[in-house]
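Some notes on the structure that comes next.
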Amino acid sequence: MSITATVENDMIKLPIHVPDGTRVEITLPPASGGNAAAENGETLYDSLKDFIGAAQGLPEDFAAEHDHYLHGTPKRGGR
């Protein structure tokens, strides 16, 4: 028999009654949104290297002050 259950607060919630003491086997499916690149031995750099230099016309301090430019927070540095 196969049962699909839900995990809530680290407890498995079964949709049917299973008598106490019943032995069960739990097989977890692959994580959704799995990292295929990591499974293939590809590094984060390898998977993103095509995007290096793609952003053009940004302020010189964009990397350090991205929260300021994206969300309007006060600048952290004194540049």
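Following the order of the structure tokens, chains are lettered A, B, ..., residues in each are numbered from 1, and ligands are numbered from 1.
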Practice problem: Do a neighbour search on Thr27 in chain A at 12 Å with only C-alpha atoms, toss out local chain neighbours closer than 5 positions, and write the hits as a list in words. | Solution: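 Skipping anything fewer than 5 positions along the chain leaves Ser2, Ile3, Thr4 and Ala5 of chain A.
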Would you output that residue set with N, CA and C atoms, as a PDB file, in the first residue's frame?
ATOM      1  N   SER A   2       0.445   2.285  -0.656  1.00  0.00           N
ATOM      2  CA  SER A   2       1.167   3.545  -0.699  1.00  0.00           C
ATOM      3  C   SER A   2       0.263   4.638  -0.159  1.00  0.00           C
ATOM      4  N   ILE A   3       0.788   5.479   0.715  1.00  0.00           N
ATOM      5  CA  ILE A   3       0.028   6.573   1.316  1.00  0.00           C
ATOM      6  C   ILE A   3       0.833   7.849   1.145  1.00  0.00           C
ATOM      7  N   THR A   4       0.166   8.917   0.748  1.00  0.00           N
ATOM      8  CA  THR A   4       0.804  10.226   0.698  1.00  0.00           C
ATOM      9  C   THR A   4       0.443  10.963   1.977  1.00  0.00           C
ATOM     10  N   ALA A   5       1.446  11.446   2.689  1.00  0.00           N
ATOM     11  CA  ALA A   5       1.239  12.112   3.970  1.00  0.00           C
ATOM     12  C   ALA A   5       1.792  13.520   3.920  1.00  0.00           C
TER      13      ALA A   5
END
Nearby residues (only C-alpha atoms) at most 9 Å from range 53-66 of chain A, same-chain spacing under 6 positions excluded, as a PDB file with N, CA, C and O atoms, in the first residue's frame:
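Writing the result to out18.pdb gives the following:
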ATOM      1  N   THR A  73      17.057  52.144   1.064  1.00  0.00           N
ATOM      2  CA  THR A  73      17.614  52.260   2.410  1.00  0.00           C
ATOM      3  C   THR A  73      18.760  53.268   2.400  1.00  0.00           C
ATOM      4  O   THR A  73      19.327  53.549   1.349  1.00  0.00           O
ATOM      5  N   PRO A  74      19.108  53.825   3.565  1.00  0.00           N
ATOM      6  CA  PRO A  74      20.229  54.767   3.597  1.00  0.00           C
ATOM      7  C   PRO A  74      21.520  54.072   3.153  1.00  0.00           C
ATOM      8  O   PRO A  74      21.705  52.876   3.382  1.00  0.00           O
ATOM      9  N   LYS A  75      22.406  54.826   2.525  1.00  0.00           N
ATOM     10  CA  LYS A  75      23.698  54.275   2.132  1.00  0.00           C
ATOM     11  C   LYS A  75      24.496  53.912   3.370  1.00  0.00           C
ATOM     12  O   LYS A  75      24.439  54.603   4.371  1.00  0.00           O
ATOM     13  N   ARG A  76      25.238  52.805   3.266  1.00  0.00           N
ATOM     14  CA  ARG A  76      26.053  52.349   4.399  1.00  0.00           C
ATOM     15  C   ARG A  76      27.427  52.986   4.402  1.00  0.00           C
ATOM     16  O   ARG A  76      28.017  53.225   5.421  1.00  0.00           O
ATOM     17  N   GLY A  77      27.972  53.232   3.222  1.00  0.00           N
ATOM     18  CA  GLY A  77      29.316  53.785   3.113  1.00  0.00           C
ATOM     19  C   GLY A  77      29.274  55.282   2.933  1.00  0.00           C
ATOM     20  O   GLY A  77      28.236  55.885   2.709  1.00  0.00           O
ATOM     21  N   ARG A  79      30.777  57.087   0.485  1.00  0.00           N
ATOM     22  CA  ARG A  79      31.316  57.439  -0.831  1.00  0.00           C
ATOM     23  C   ARG A  79      30.506  58.508  -1.490  1.00  0.00           C
ATOM     24  O   ARG A  79      29.379  58.638  -1.526  1.00  0.00           O
TER      25      ARG A  79
END
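With CA of His68 in chain A on one side and CA of Asp50 in chain A on the other, the separation reads 26.0 Å.
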When DSSP works through the backbone of this structure, what residues of chain A end up as strand (DSSP E), shown as a list in words?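 Reading the DSSP output for chain A, strand (DSSP E) covers Thr6, Val7, Glu8, Met11, Ile12 and Lys13 of chain A.
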Item to complete: Could you give me, as a PyMOL selection string, each residue of chain A that DSSP assigns to helix (DSSP H, G or I) when run on this structure's backbone?
Response: chain A and resi 36-39+44-51+66-71
Write to file, as an mmCIF file, in the first residue's frame, the residues of the selection just made, with N, CA and C atoms.
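Output contents, as saved in out26.cif:
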data_model
loop_
_atom_site.group_PDB
_atom_site.id
_atom_site.type_symbol
_atom_site.label_atom_id
_atom_site.label_comp_id
_atom_site.auth_asym_id
_atom_site.auth_seq_id
_atom_site.Cartn_x
_atom_site.Cartn_y
_atom_site.Cartn_z
ATOM 1 N N ALA A 36 20.427 20.731 -9.933
ATOM 2 C CA ALA A 36 20.969 19.825 -10.946
ATOM 3 C C ALA A 36 22.436 20.123 -11.219
ATOM 4 N N ALA A 37 22.817 21.405 -11.153
ATOM 5 C CA ALA A 37 24.212 21.768 -11.406
ATOM 6 C C ALA A 37 25.123 21.116 -10.380
ATOM 7 N N ALA A 38 24.756 21.165 -9.104
ATOM 8 C CA ALA A 38 25.587 20.569 -8.066
ATOM 9 C C ALA A 38 25.647 19.055 -8.218
ATOM 10 N N GLU A 39 24.534 18.451 -8.643
ATOM 11 C CA GLU A 39 24.521 17.001 -8.838
ATOM 12 C C GLU A 39 25.441 16.588 -9.977
ATOM 13 N N LEU A 44 28.750 26.818 -8.451
ATOM 14 C CA LEU A 44 27.891 27.983 -8.601
ATOM 15 C C LEU A 44 28.479 28.934 -9.637
ATOM 16 N N TYR A 45 29.786 29.118 -9.596
ATOM 17 C CA TYR A 45 30.462 29.971 -10.582
ATOM 18 C C TYR A 45 30.192 29.465 -11.998
ATOM 19 N N ASP A 46 30.345 28.157 -12.210
ATOM 20 C CA ASP A 46 30.129 27.598 -13.545
ATOM 21 C C ASP A 46 28.717 27.868 -14.050
ATOM 22 N N SER A 47 27.731 27.759 -13.171
ATOM 23 C CA SER A 47 26.352 27.927 -13.615
ATOM 24 C C SER A 47 25.982 29.387 -13.830
ATOM 25 N N LEU A 48 26.726 30.340 -13.239
ATOM 26 C CA LEU A 48 26.396 31.760 -13.365
ATOM 27 C C LEU A 48 27.399 32.574 -14.182
ATOM 28 N N LYS A 49 28.482 31.962 -14.641
ATOM 29 C CA LYS A 49 29.548 32.726 -15.289
ATOM 30 C C LYS A 49 29.085 33.455 -16.547
ATOM 31 N N ASP A 50 28.048 32.967 -17.220
ATOM 32 C CA ASP A 50 27.561 33.649 -18.423
ATOM 33 C C ASP A 50 26.935 35.006 -18.103
ATOM 34 N N PHE A 51 26.599 35.245 -16.854
ATOM 35 C CA PHE A 51 25.970 36.501 -16.460
ATOM 36 C C PHE A 51 26.978 37.551 -15.985
ATOM 37 N N HIS A 66 23.760 48.050 -2.897
ATOM 38 C CA HIS A 66 22.594 47.581 -3.653
ATOM 39 C C HIS A 66 21.284 47.765 -2.895
ATOM 40 N N ASP A 67 21.288 47.648 -1.566
ATOM 41 C CA ASP A 67 20.051 47.869 -0.809
ATOM 42 C C ASP A 67 19.566 49.310 -0.966
ATOM 43 N N HIS A 68 20.480 50.247 -1.035
ATOM 44 C CA HIS A 68 20.115 51.653 -1.229
ATOM 45 C C HIS A 68 19.437 51.841 -2.594
ATOM 46 N N TYR A 69 20.048 51.288 -3.632
ATOM 47 C CA TYR A 69 19.526 51.490 -4.976
ATOM 48 C C TYR A 69 18.258 50.682 -5.248
ATOM 49 N N LEU A 70 18.144 49.491 -4.675
ATOM 50 C CA LEU A 70 16.981 48.649 -4.934
ATOM 51 C C LEU A 70 15.809 48.945 -4.003
ATOM 52 N N HIS A 71 16.101 49.257 -2.737
ATOM 53 C CA HIS A 71 15.036 49.380 -1.744
ATOM 54 C C HIS A 71 14.948 50.761 -1.086
#
